[in-house]
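Dropping upload.pdb in here (PDB, C-alpha atoms):
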```pdb
ATOM      1  CA  MET A   1     100.832 177.388  64.968
ATOM      2  CA  LYS A   2     101.860 178.706  61.529
ATOM      3  CA  SER A   3     105.514 179.590  60.941
ATOM      4  CA  ALA A   4     106.383 182.982  62.390
ATOM      5  CA  LEU A   5     107.012 186.147  60.375
ATOM      6  CA  VAL A   6     108.245 187.913  63.520
ATOM      7  CA  GLN A   7     110.097 186.196  66.380
ATOM      8  CA  ILE A   8     110.959 188.339  69.382
ATOM      9  CA  GLU A   9     113.208 186.900  72.089
ATOM     10  CA  ASN A  10     114.076 188.448  75.464
ATOM     11  CA  LEU A  11     113.592 192.048  74.319
ATOM     12  CA  THR A  12     114.459 194.718  76.883
ATOM     13  CA  LYS A  13     114.266 198.492  76.574
ATOM     14  CA  THR A  14     114.931 201.038  79.334
ATOM     15  CA  TYR A  15     114.527 204.810  79.291
ATOM     16  CA  GLN A  16     116.803 206.139  82.064
ATOM     17  CA  GLN A  17     115.241 204.510  85.165
ATOM     18  CA  PHE A  18     112.018 203.375  83.456
ATOM     19  CA  ARG A  19     111.867 199.877  81.956
ATOM     20  CA  ALA A  20     109.451 199.915  79.005
ATOM     21  CA  LEU A  21     109.962 196.268  77.962
ATOM     22  CA  ASP A  22     111.265 193.581  80.263
ATOM     23  CA  ASP A  23     112.561 190.279  78.825
ATOM     24  CA  PHE A  24     109.719 190.276  76.315
ATOM     25  CA  SER A  25     109.234 187.313  73.930
ATOM     26  CA  ILE A  26     106.493 186.528  71.384
ATOM     27  CA  GLN A  27     106.071 184.897  67.965
ATOM     28  CA  ILE A  28     103.725 186.399  65.373
ATOM     29  CA  PRO A  29     102.510 183.834  62.800
ATOM     30  CA  LYS A  30     102.500 184.595  59.092
ATOM     31  CA  ALA A  31      99.154 185.584  57.538
ATOM     32  CA  SER A  32      97.492 186.171  60.910
ATOM     33  CA  ILE A  33      95.973 189.081  62.814
ATOM     34  CA  TYR A  34      97.804 189.453  66.107
ATOM     35  CA  GLY A  35      96.295 191.626  68.835
ATOM     36  CA  LEU A  36      98.773 193.674  70.851
ATOM     37  CA  LEU A  37      96.862 194.700  73.974
ATOM     38  CA  GLY A  38      97.555 196.501  77.202
ATOM     39  CA  PRO A  39      96.757 199.595  79.268
ATOM     40  CA  ASN A  40      98.322 202.935  78.379
ATOM     41  CA  GLY A  41     102.033 202.892  79.224
ATOM     42  CA  ALA A  42     102.290 199.098  79.140
ATOM     43  CA  GLY A  43     105.024 198.990  76.482
ATOM     44  CA  LYS A  44     103.068 198.533  73.239
ATOM     45  CA  THR A  45     104.269 201.747  71.587
ATOM     46  CA  THR A  46     107.879 200.986  72.498
ATOM     47  CA  LEU A  47     107.599 197.577  70.847
ATOM     48  CA  ILE A  48     106.040 199.069  67.706
ATOM     49  CA  ARG A  49     108.798 201.688  67.479
ATOM     50  CA  ILE A  50     111.466 199.003  67.814
ATOM     51  CA  LEU A  51     109.854 196.937  65.036
ATOM     52  CA  ASN A  52     109.871 200.038  62.819
ATOM     53  CA  GLN A  53     113.491 200.735  63.868
ATOM     54  CA  ILE A  54     112.571 204.199  65.073
ATOM     55  CA  ILE A  55     114.343 203.205  68.301
ATOM     56  CA  TYR A  56     116.461 200.202  69.229
ATOM     57  CA  ALA A  57     116.249 197.666  72.037
ATOM     58  CA  ASP A  58     118.911 197.484  74.754
ATOM     59  CA  SER A  59     119.059 193.699  74.439
ATOM     60  CA  GLY A  60     117.246 190.758  72.880
ATOM     61  CA  THR A  61     116.708 189.651  69.283
ATOM     62  CA  ILE A  62     114.091 190.127  66.569
ATOM     63  CA  LEU A  63     113.912 187.804  63.570
ATOM     64  CA  PHE A  64     111.934 188.983  60.556
ATOM     65  CA  ASN A  65     110.997 186.220  58.126
ATOM     66  CA  GLY A  66     113.818 184.090  59.545
ATOM     67  CA  HIS A  67     116.667 186.639  59.607
ATOM     68  CA  PRO A  68     117.716 189.371  62.067
ATOM     69  CA  LEU A  69     115.589 192.490  61.545
ATOM     70  CA  ASN A  70     117.566 195.104  59.603
ATOM     71  CA  SER A  71     117.052 198.504  57.971
ATOM     72  CA  GLU A  72     116.076 196.967  54.615
ATOM     73  CA  ASP A  73     113.104 195.206  56.252
ATOM     74  CA  VAL A  74     111.404 198.551  56.898
ATOM     75  CA  SER A  75     110.344 198.589  53.240
ATOM     76  CA  HIS A  76     108.290 195.448  53.948
ATOM     77  CA  ILE A  77     106.509 197.003  56.950
ATOM     78  CA  GLY A  78     103.450 199.250  56.838
ATOM     79  CA  TYR A  79     102.770 201.339  59.939
ATOM     80  CA  LEU A  80      99.573 203.235  60.679
ATOM     81  CA  PRO A  81     100.294 205.271  63.842
ATOM     82  CA  GLU A  82      97.582 206.437  66.207
ATOM     83  CA  GLU A  83      98.685 210.022  65.587
ATOM     84  CA  ARG A  84      98.275 210.471  61.838
ATOM     85  CA  GLY A  85     100.964 212.309  59.867
ATOM     86  CA  LEU A  86      99.981 213.221  56.308
ATOM     87  CA  TYR A  87     101.134 216.502  54.790
ATOM     88  CA  ARG A  88      98.038 218.696  54.894
ATOM     89  CA  ASN A  89      98.847 220.976  51.952
ATOM     90  CA  MET A  90     100.204 218.411  49.486
ATOM     91  CA  LYS A  91      97.964 216.757  46.880
ATOM     92  CA  ILE A  92      96.873 213.318  48.031
ATOM     93  CA  GLY A  93      97.925 211.457  44.883
ATOM     94  CA  GLU A  94     101.375 213.038  44.807
ATOM     95  CA  GLN A  95     101.835 212.494  48.529
ATOM     96  CA  LEU A  96     100.925 208.803  48.553
ATOM     97  CA  THR A  97     103.036 208.135  45.464
ATOM     98  CA  TYR A  98     106.000 209.801  47.144
ATOM     99  CA  LEU A  99     105.531 207.805  50.372
ATOM    100  CA  ALA A 100     105.346 204.562  48.372
ATOM    101  CA  THR A 101     108.657 205.342  46.633
ATOM    102  CA  LEU A 102     110.259 205.755  50.066
ATOM    103  CA  LYS A 103     109.266 202.123  50.655
ATOM    104  CA  GLY A 104     111.008 201.034  47.470
ATOM    105  CA  MET A 105     108.209 201.146  44.874
ATOM    106  CA  ARG A 106     108.764 202.540  41.393
ATOM    107  CA  VAL A 107     106.650 205.617  40.580
ATOM    108  CA  GLU A 108     104.527 203.936  37.897
ATOM    109  CA  GLU A 109     104.004 200.889  40.120
ATOM    110  CA  ALA A 110     102.902 203.168  42.972
ATOM    111  CA  LYS A 111     100.470 205.055  40.703
ATOM    112  CA  THR A 112      98.923 201.775  39.495
ATOM    113  CA  GLU A 113      98.460 200.591  43.074
ATOM    114  CA  LEU A 114      97.075 203.996  44.054
ATOM    115  CA  ARG A 115      94.420 203.853  41.307
ATOM    116  CA  TYR A 116      93.457 200.354  42.490
ATOM    117  CA  TRP A 117      92.834 201.510  46.059
ATOM    118  CA  PHE A 118      91.073 204.746  45.108
ATOM    119  CA  GLU A 119      88.708 202.825  42.825
ATOM    120  CA  LYS A 120      88.189 200.196  45.518
ATOM    121  CA  PHE A 121      87.182 202.849  48.055
ATOM    122  CA  GLN A 122      85.279 204.850  45.397
ATOM    123  CA  ILE A 123      87.286 208.001  46.053
ATOM    124  CA  ASP A 124      88.756 208.614  42.574
ATOM    125  CA  SER A 125      87.851 212.304  42.747
ATOM    126  CA  TRP A 126      90.091 212.834  45.791
ATOM    127  CA  ILE A 127      93.398 212.244  43.998
ATOM    128  CA  ASN A 128      94.134 215.946  43.426
ATOM    129  CA  LYS A 129      92.635 217.156  46.699
ATOM    130  CA  LYS A 130      94.699 218.251  49.669
ATOM    131  CA  VAL A 131      94.389 216.549  53.063
ATOM    132  CA  SER A 132      93.417 219.898  54.569
ATOM    133  CA  GLY A 133      90.178 219.718  52.555
ATOM    134  CA  LEU A 134      89.144 216.330  53.935
ATOM    135  CA  SER A 135      87.092 215.405  56.984
ATOM    136  CA  LYS A 136      88.807 213.407  59.724
ATOM    137  CA  GLY A 137      87.244 210.152  58.525
ATOM    138  CA  MET A 138      88.206 210.810  54.898
ATOM    139  CA  ALA A 139      91.774 211.622  55.956
ATOM    140  CA  GLN A 140      91.875 208.380  57.943
ATOM    141  CA  LYS A 141      90.909 206.449  54.826
ATOM    142  CA  VAL A 142      93.712 208.088  52.858
ATOM    143  CA  GLN A 143      96.152 207.322  55.682
ATOM    144  CA  PHE A 144      95.122 203.657  55.587
ATOM    145  CA  ILE A 145      95.792 203.535  51.836
ATOM    146  CA  SER A 146      99.230 205.099  52.369
ATOM    147  CA  THR A 147     100.013 202.309  54.843
ATOM    148  CA  VAL A 148      99.090 199.392  52.562
ATOM    149  CA  LEU A 149     100.041 200.894  49.178
ATOM    150  CA  HIS A 150     103.470 199.208  49.014
ATOM    151  CA  ARG A 151     101.968 195.764  49.797
ATOM    152  CA  PRO A 152     103.798 195.205  53.106
ATOM    153  CA  LYS A 153     104.489 191.758  54.531
ATOM    154  CA  LEU A 154     103.877 193.143  58.032
ATOM    155  CA  LEU A 155     101.122 195.674  58.676
ATOM    156  CA  ILE A 156     101.134 197.435  62.067
ATOM    157  CA  LEU A 157      97.863 199.195  62.869
ATOM    158  CA  ASP A 158      97.589 201.413  65.954
ATOM    159  CA  GLU A 159      93.933 202.270  66.666
ATOM    160  CA  PRO A 160      92.975 201.941  62.964
ATOM    161  CA  PHE A 161      89.244 202.573  63.546
ATOM    162  CA  SER A 162      89.687 205.903  65.310
ATOM    163  CA  GLY A 163      87.648 208.620  63.593
ATOM    164  CA  PHE A 164      85.576 206.257  61.447
ATOM    165  CA  ASP A 165      81.798 206.058  61.468
ATOM    166  CA  PRO A 166      80.391 202.491  61.743
ATOM    167  CA  VAL A 167      80.007 202.082  57.962
ATOM    168  CA  ASN A 168      83.595 203.056  57.155
ATOM    169  CA  ALA A 169      84.922 201.136  60.161
ATOM    170  CA  GLU A 170      83.286 198.030  58.685
ATOM    171  CA  ILE A 171      84.906 198.733  55.297
ATOM    172  CA  ILE A 172      88.366 198.996  56.871
ATOM    173  CA  LYS A 173      87.715 195.880  58.948
ATOM    174  CA  ASN A 174      86.869 193.903  55.819
ATOM    175  CA  GLU A 175      90.016 195.188  54.093
ATOM    176  CA  ILE A 176      92.156 194.053  57.032
ATOM    177  CA  ILE A 177      90.639 190.572  56.797
ATOM    178  CA  ALA A 178      91.197 190.517  53.011
ATOM    179  CA  LEU A 179      94.850 191.519  53.454
ATOM    180  CA  LYS A 180      95.338 188.731  55.974
ATOM    181  CA  ASN A 181      93.686 186.210  53.635
ATOM    182  CA  ASN A 182      96.111 187.317  50.913
ATOM    183  CA  GLY A 183      99.126 186.620  53.117
ATOM    184  CA  THR A 184      99.747 189.862  55.030
ATOM    185  CA  THR A 185     100.624 189.567  58.712
ATOM    186  CA  VAL A 186      98.814 192.179  60.817
ATOM    187  CA  ILE A 187      99.619 193.528  64.275
ATOM    188  CA  LEU A 188      96.523 195.247  65.667
ATOM    189  CA  SER A 189      96.980 197.531  68.665
ATOM    190  CA  THR A 190      93.680 198.856  69.964
ATOM    191  CA  HIS A 191      91.560 199.455  73.054
ATOM    192  CA  ARG A 192      88.419 198.397  71.155
ATOM    193  CA  MET A 193      88.019 194.884  72.504
ATOM    194  CA  GLU A 194      85.057 194.120  70.243
ATOM    195  CA  SER A 195      87.391 194.568  67.237
ATOM    196  CA  VAL A 196      89.968 192.275  68.840
ATOM    197  CA  GLN A 197      87.270 189.668  69.512
ATOM    198  CA  GLU A 198      86.106 189.813  65.909
ATOM    199  CA  LEU A 199      89.433 190.039  64.078
ATOM    200  CA  CYS A 200      92.334 188.550  66.007
ATOM    201  CA  ASP A 201      93.667 185.001  65.766
ATOM    202  CA  ARG A 202      96.112 185.467  68.642
ATOM    203  CA  ILE A 203      96.604 188.132  71.300
ATOM    204  CA  CYS A 204      99.323 189.283  73.652
ATOM    205  CA  LEU A 205      98.494 191.284  76.768
ATOM    206  CA  ILE A 206     101.311 193.525  78.028
ATOM    207  CA  HIS A 207     101.255 195.167  81.434
ATOM    208  CA  LYS A 208     104.014 197.124  83.116
ATOM    209  CA  SER A 209     106.538 196.099  80.430
ATOM    210  CA  LYS A 210     105.867 192.339  80.768
ATOM    211  CA  LYS A 211     103.871 189.808  78.805
ATOM    212  CA  ILE A 212     101.167 188.499  81.136
ATOM    213  CA  LEU A 213      98.959 186.610  78.668
ATOM    214  CA  GLU A 214      99.496 185.246  75.147
ATOM    215  CA  GLY A 215      97.884 182.706  72.851
ATOM    216  CA  GLU A 216      95.073 181.908  70.443
ATOM    217  CA  VAL A 217      91.897 183.796  71.332
ATOM    218  CA  ASN A 218      89.599 180.746  71.364
ATOM    219  CA  GLU A 219      92.068 178.720  73.407
ATOM    220  CA  LEU A 220      92.501 181.481  76.000
ATOM    221  CA  GLN A 221      88.726 181.850  76.299
ATOM    222  CA  GLN A 222      88.232 178.112  76.786
ATOM    223  CA  ARG A 223      90.941 177.984  79.462
ATOM    224  CA  ALA A 224      89.382 180.923  81.315
ATOM    225  CA  LYS A 225      85.738 179.869  81.166
ATOM    226  CA  ASP A 226      83.823 179.771  84.426
ATOM    227  CA  CYS A 227      82.229 176.311  83.993
ATOM    228  CA  VAL A 228      78.757 177.844  83.835
ATOM    229  CA  TYR A 229      75.883 176.915  81.545
ATOM    230  CA  HIS A 230      73.170 179.436  80.642
ATOM    231  CA  ILE A 231      69.940 177.432  80.399
ATOM    232  CA  ARG A 232      66.415 178.362  79.359
ATOM    233  CA  LEU A 233      63.556 175.942  79.961
ATOM    234  CA  SER A 234      59.899 175.696  79.030
ATOM    235  CA  ILE A 235      57.933 174.339  82.000
ATOM    236  CA  ASN A 236      55.741 171.445  80.870
ATOM    237  CA  HIS A 237      54.057 170.315  84.099
ATOM    238  CA  ASN A 238      54.492 170.097  87.865
ATOM    239  CA  ARG A 239      55.977 173.545  88.227
ATOM    240  CA  SER A 240      56.218 173.225  92.016
ATOM    241  CA  ALA A 241      58.426 170.111  91.719
ATOM    242  CA  LEU A 242      60.733 171.889  89.301
ATOM    243  CA  GLU A 243      60.947 174.958  91.550
ATOM    244  CA  GLU A 244      61.753 172.770  94.552
ATOM    245  CA  TYR A 245      64.500 170.937  92.668
ATOM    246  CA  ILE A 246      66.044 174.217  91.475
ATOM    247  CA  SER A 247      65.964 175.769  94.964
ATOM    248  CA  ASN A 248      67.631 172.701  96.536
ATOM    249  CA  CYS A 249      70.334 172.220  93.894
ATOM    250  CA  LYS A 250      73.475 174.055  95.030
ATOM    251  CA  ALA A 251      74.869 174.136  91.486
ATOM    252  CA  ILE A 252      71.958 176.204  90.156
ATOM    253  CA  PHE A 253      71.848 179.981  90.679
ATOM    254  CA  ASP A 254      70.609 183.253  89.207
ATOM    255  CA  VAL A 255      67.111 181.922  88.484
ATOM    256  CA  HIS A 256      64.550 184.036  86.581
ATOM    257  CA  TYR A 257      60.961 182.923  86.001
ATOM    258  CA  ASN A 258      59.368 184.520  82.935
ATOM    259  CA  GLY A 259      55.624 184.232  83.357
ATOM    260  CA  LYS A 260      54.147 180.805  83.989
ATOM    261  CA  ASN A 261      55.893 178.750  81.358
ATOM    262  CA  GLU A 262      59.555 179.714  81.135
ATOM    263  CA  VAL A 263      62.587 179.825  83.434
ATOM    264  CA  GLY A 264      66.160 180.990  82.864
ATOM    265  CA  LEU A 265      69.008 179.883  85.111
ATOM    266  CA  LYS A 266      72.741 179.373  85.422
ATOM    267  CA  LEU A 267      74.274 176.008  86.238
ATOM    268  CA  LYS A 268      77.760 175.803  87.764
ATOM    269  CA  TYR A 269      79.138 172.486  86.570
ATOM    270  CA  ALA A 270      82.785 172.475  87.685
ATOM    271  CA  ASP A 271      82.269 170.110  90.631
ATOM    272  CA  GLN A 272      78.876 168.725  89.691
ATOM    273  CA  ASN A 273      77.511 166.094  87.335
ATOM    274  CA  ALA A 274      75.883 168.487  84.881
ATOM    275  CA  ASP A 275      74.338 165.684  82.797
ATOM    276  CA  ILE A 276      72.380 164.362  85.777
ATOM    277  CA  ILE A 277      71.226 167.848  86.814
ATOM    278  CA  ILE A 278      70.049 168.679  83.288
ATOM    279  CA  LYS A 279      68.284 165.302  83.046
ATOM    280  CA  ASN A 280      66.426 166.057  86.297
ATOM    281  CA  LEU A 281      65.487 169.532  85.047
ATOM    282  CA  LEU A 282      64.075 168.064  81.843
ATOM    283  CA  SER A 283      61.828 165.636  83.736
ATOM    284  CA  ASN A 284      59.474 168.600  84.254
ATOM    285  CA  SER A 285      60.438 170.892  81.366
ATOM    286  CA  SER A 286      61.737 171.183  77.798
ATOM    287  CA  LEU A 287      65.112 172.621  76.873
ATOM    288  CA  LEU A 288      64.879 175.880  74.902
ATOM    289  CA  HIS A 289      68.516 176.996  75.088
ATOM    290  CA  LEU A 290      71.843 175.813  76.550
ATOM    291  CA  GLU A 291      75.065 177.774  76.186
ATOM    292  CA  ASP A 292      78.502 177.634  77.799
ATOM    293  CA  GLN A 293      79.534 180.905  79.449
ATOM    294  CA  ILE A 294      82.724 181.958  77.645
ATOM    295  CA  PRO A 295      84.570 185.105  78.781
ATOM    296  CA  SER A 296      84.940 187.842  76.164
ATOM    297  CA  VAL A 297      88.321 189.349  75.266
ATOM    298  CA  GLN A 298      87.250 192.374  77.331
ATOM    299  CA  GLU A 299      86.766 190.093  80.358
ATOM    300  CA  LEU A 300      90.116 188.384  79.743
ATOM    301  CA  PHE A 301      91.792 191.797  79.610
ATOM    302  CA  VAL A 302      90.246 193.094  82.847
ATOM    303  CA  ARG A 303      90.564 189.795  84.721
ATOM    304  CA  ASN A 304      94.259 189.319  83.936
ATOM    305  CA  ILE A 305      95.198 192.925  84.688
ATOM    306  CA  LYS A 306      93.477 192.656  88.083
ATOM    307  CA  GLN A 307      95.158 189.320  88.836
ATOM    308  CA  TYR A 308      98.553 190.785  87.978
ATOM    309  CA  GLU A 309      97.953 193.791  90.225
ATOM    310  CA  ASN A 310      97.016 191.503  93.130
TER     311      ASN A 310
END
```
Spell out the structure here as structure tokens.
Amino acid sequence: MKSALVQIENLTKTYQQFRALDDFSIQIPKASIYGLLGPNGAGKTTLIRILNQIIYADSGTILFNGHPLNSEDVSHIGYLPEERGLYRNMKIGEQLTYLATLKGMRVEEAKTELRYWFEKFQIDSWINKKVSGLSKGMAQKVQFISTVLHRPKLLILDEPFSGFDPVNAEIIKNEIIALKNNGTTVILSTHRMESVQELCDRICLIHKSKKILEGEVNELQQRAKDCVYHIRLSINHNRSALEEYISNCKAIFDVHYNGKNEVGLKLKYADQNADIIIKNLLSNSSLLHLEDQIPSVQELFVRNIKQYEN
């Protein structure tokens, strides 16, 4: 794993009798996209607020780039909250420049960066508009720019695709990848598992204040796979012999014959010699497709939440 930008050790936060985070520990690698997942009320928002120093933990430590997180580090963090918060009646250019100066940028530096992003998104004409005159999707785009304008080392995105049509969602997705490739570390908190599957290098699943799953996405999927092959065959000859073999093989299930010449099936290979079974299948057919059944991030999410509840 790459060296960590954020190291969280044994973090605990309690609100009166409710424990929002319980002995929580993770490491977030530099220049990666890290998925922070969990049902509503799991503890994600509490963690994000602690990282932004909006609230403070009861116990535990957070290291940011190797040192204890402090108030000066906030200028190196960009936070896009789920509930957006731009001033509706202030000109967009003035507003974003002002917000960038709060993060430590000089005015001229902020204006140069602002022009870069407005040209990149082809929205130059918006600079003197007010947020109140924008559609929800347009306002979301402006909010995204306000979050990245000061070139943060850590970018925290809470449901960043909310309100975007598919075209603009793709644009933002590509910008997130570009930021990561240029060295930005991204925490992505979302319920859109297809975005997590596509973007994230590592994920952490929080449930009821505890970490219940964490690691590289590909590694977690490989560990959780069901040892099932999806196979599609073209029947060459002796269909009856092939059908008999399939019906008698306990490792083969979910069989679908498509017309006279094609069959799709699943092969459970955990306790079987899959090579021998496939060899026997191919004695009467040709292989058209073979694919390992790998659980999606959505399946990992649901499966682990259910296991924890049981």
Residues within 6 Å of segment 201-216 of chain A, please, as a PDB file with C-alpha atoms, in the coordinates of the input. Count only C-alpha atoms; anything in the same chain fewer than 2 positions from it doesn't count.
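For reference, part_20.pdb as written:
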```
ATOM      1  CA  ALA A  20     109.451 199.915  79.005  1.00  0.00           C
ATOM      2  CA  LEU A  21     109.962 196.268  77.962  1.00  0.00           C
ATOM      3  CA  ASP A  22     111.265 193.581  80.263  1.00  0.00           C
ATOM      4  CA  ILE A  33      95.973 189.081  62.814  1.00  0.00           C
ATOM      5  CA  TYR A  34      97.804 189.453  66.107  1.00  0.00           C
ATOM      6  CA  GLY A  35      96.295 191.626  68.835  1.00  0.00           C
ATOM      7  CA  LEU A  36      98.773 193.674  70.851  1.00  0.00           C
ATOM      8  CA  LEU A  37      96.862 194.700  73.974  1.00  0.00           C
ATOM      9  CA  GLY A  38      97.555 196.501  77.202  1.00  0.00           C
ATOM     10  CA  ALA A  42     102.290 199.098  79.140  1.00  0.00           C
ATOM     11  CA  GLY A  43     105.024 198.990  76.482  1.00  0.00           C
ATOM     12  CA  ASN A 218      89.599 180.746  71.364  1.00  0.00           C
ATOM     13  CA  GLU A 219      92.068 178.720  73.407  1.00  0.00           C
TER      14      GLU A 219
END
```
Just the residues within 12 Å of Gly259 of chain A, please, counting all atoms listed in the file, with nothing from its chain fewer than 3 positions along; format it as an MDAnalysis selection string.
chainID A and resid 233:235 239 256 262:264
Output file for the selection above: C-alpha atoms, as an mmCIF file, keeping the file's coordinate frame:
```cif
data_model
loop_
_atom_site.group_PDB
_atom_site.id
_atom_site.type_symbol
_atom_site.label_atom_id
_atom_site.label_comp_id
_atom_site.auth_asym_id
_atom_site.auth_seq_id
_atom_site.Cartn_x
_atom_site.Cartn_y
_atom_site.Cartn_z
ATOM 1 C CA LEU A 233 63.556 175.942 79.961
ATOM 2 C CA SER A 234 59.899 175.696 79.030
ATOM 3 C CA ILE A 235 57.933 174.339 82.000
ATOM 4 C CA ARG A 239 55.977 173.545 88.227
ATOM 5 C CA HIS A 256 64.550 184.036 86.581
ATOM 6 C CA GLU A 262 59.555 179.714 81.135
ATOM 7 C CA VAL A 263 62.587 179.825 83.434
ATOM 8 C CA GLY A 264 66.160 180.990 82.864
#
```
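Selection result for the displayed file, with the PyMOL selection byres ((chain A and resi 137) around 12) as criterion, is Arg84, Val131, Gly133, Leu134, Ser135, Lys136, Met138, Ala139, Gln140, Lys141, Val142, Gln143, Phe144, Pro160, Phe161, Ser162, Gly163, Phe164, Asp165, Pro166, Val167, Asn168, Ala169 and Ile172 of chain A.
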Convert the output of the PyMOL selection byres ((chain A and resi 46) around 12) on the shown file into explicit residues, formatted as a ChimeraX atom specification.
/A:11-15,18-22,24,36,40-45,47-58,206,208-209
Which residue, A:Ile177, A:Leu69, A:Val186, A:Val74, has the smallest gap to Lys30 of chain A when you use all atoms listed in the file?
A:Val186
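Atom pair atom CA of Arg88 of chain A / atom CA of Phe118 of chain A: separated by 18.4 Å.
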Please indicate the distance in Å from atom CA of Leu154 of chain A to atom CA of Tyr79 of chain A, rounded to one decimal place.
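Separation between atom CA of Leu154 of chain A and atom CA of Tyr79 of chain A: 8.5 Å.
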At a cut-off of 6 Å, using all atoms listed in the file, what residues contact Leu265 of chain A? Leave out same-chain residues fewer than 2 positions from it and give the result as a list in words.
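Selected residues are Ile231, Asp254 and Val255 of chain A.
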Just write the chosen residues, C-alpha atoms, as an mmCIF file, keeping the file's coordinate frame.
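What follows is the written file part20.cif:
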```cif
data_model
loop_
_atom_site.group_PDB
_atom_site.id
_atom_site.type_symbol
_atom_site.label_atom_id
_atom_site.label_comp_id
_atom_site.auth_asym_id
_atom_site.auth_seq_id
_atom_site.Cartn_x
_atom_site.Cartn_y
_atom_site.Cartn_z
ATOM 1 C CA ILE A 231 69.940 177.432 80.399
ATOM 2 C CA ASP A 254 70.609 183.253 89.207
ATOM 3 C CA VAL A 255 67.111 181.922 88.484
#
```
Tell me which of A:Asn304, A:Ser75, A:Asn258, A:Gln27 sits closest to Lys153 of chain A, counting all atoms listed in the file.
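With all atoms listed in the file as the atom set, the closest residue is A:Ser75.
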Calculated over all atoms listed in the file, which of the candidates A:Leu188, A:Ile246, A:Val196, A:Ile277 has the smallest distance to Leu300 of chain A?
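Smallest distance to Leu300 of chain A is found for A:Val196.
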As a check of understanding: the span from atom CA of Ser3 of chain A to atom CA of Ile28 of chain A is 8.3 Å
Selection in question (the file shown): the PyMOL selection byres ((chain A and resi 152) around 12). Which residues does it include, as an NGL selection string?
:A and (31 or 73-80 or 100 or 103-105 or 145-151 or 153-156 or 179-180 or 182-186)
Closest of A:Leu288, A:Ile26, A:Val107, A:Leu199 to Glu170 of chain A, counting only C-alpha atoms, is A:Leu199
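The smallest atom-to-atom distance between Leu281 of chain A and any of A:Arg303, A:Arg232, A:Lys130, A:Lys173, using all atoms listed in the file, is found for A:Arg232.
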Selected residue of minimal separation from Asp292 of chain A among A:Gln17, A:Gln222, A:Asn128, A:Thr97, counting only C-alpha atoms:
A:Gln222
Set the distance at 12 Å and use all atoms listed in the file: which residues neighbour Asn236 of chain A once local chain neighbours fewer than 5 positions away are removed? I'd like the list as a VMD selection string.
chain A and resid 241 to 242 260 to 263 281 to 288
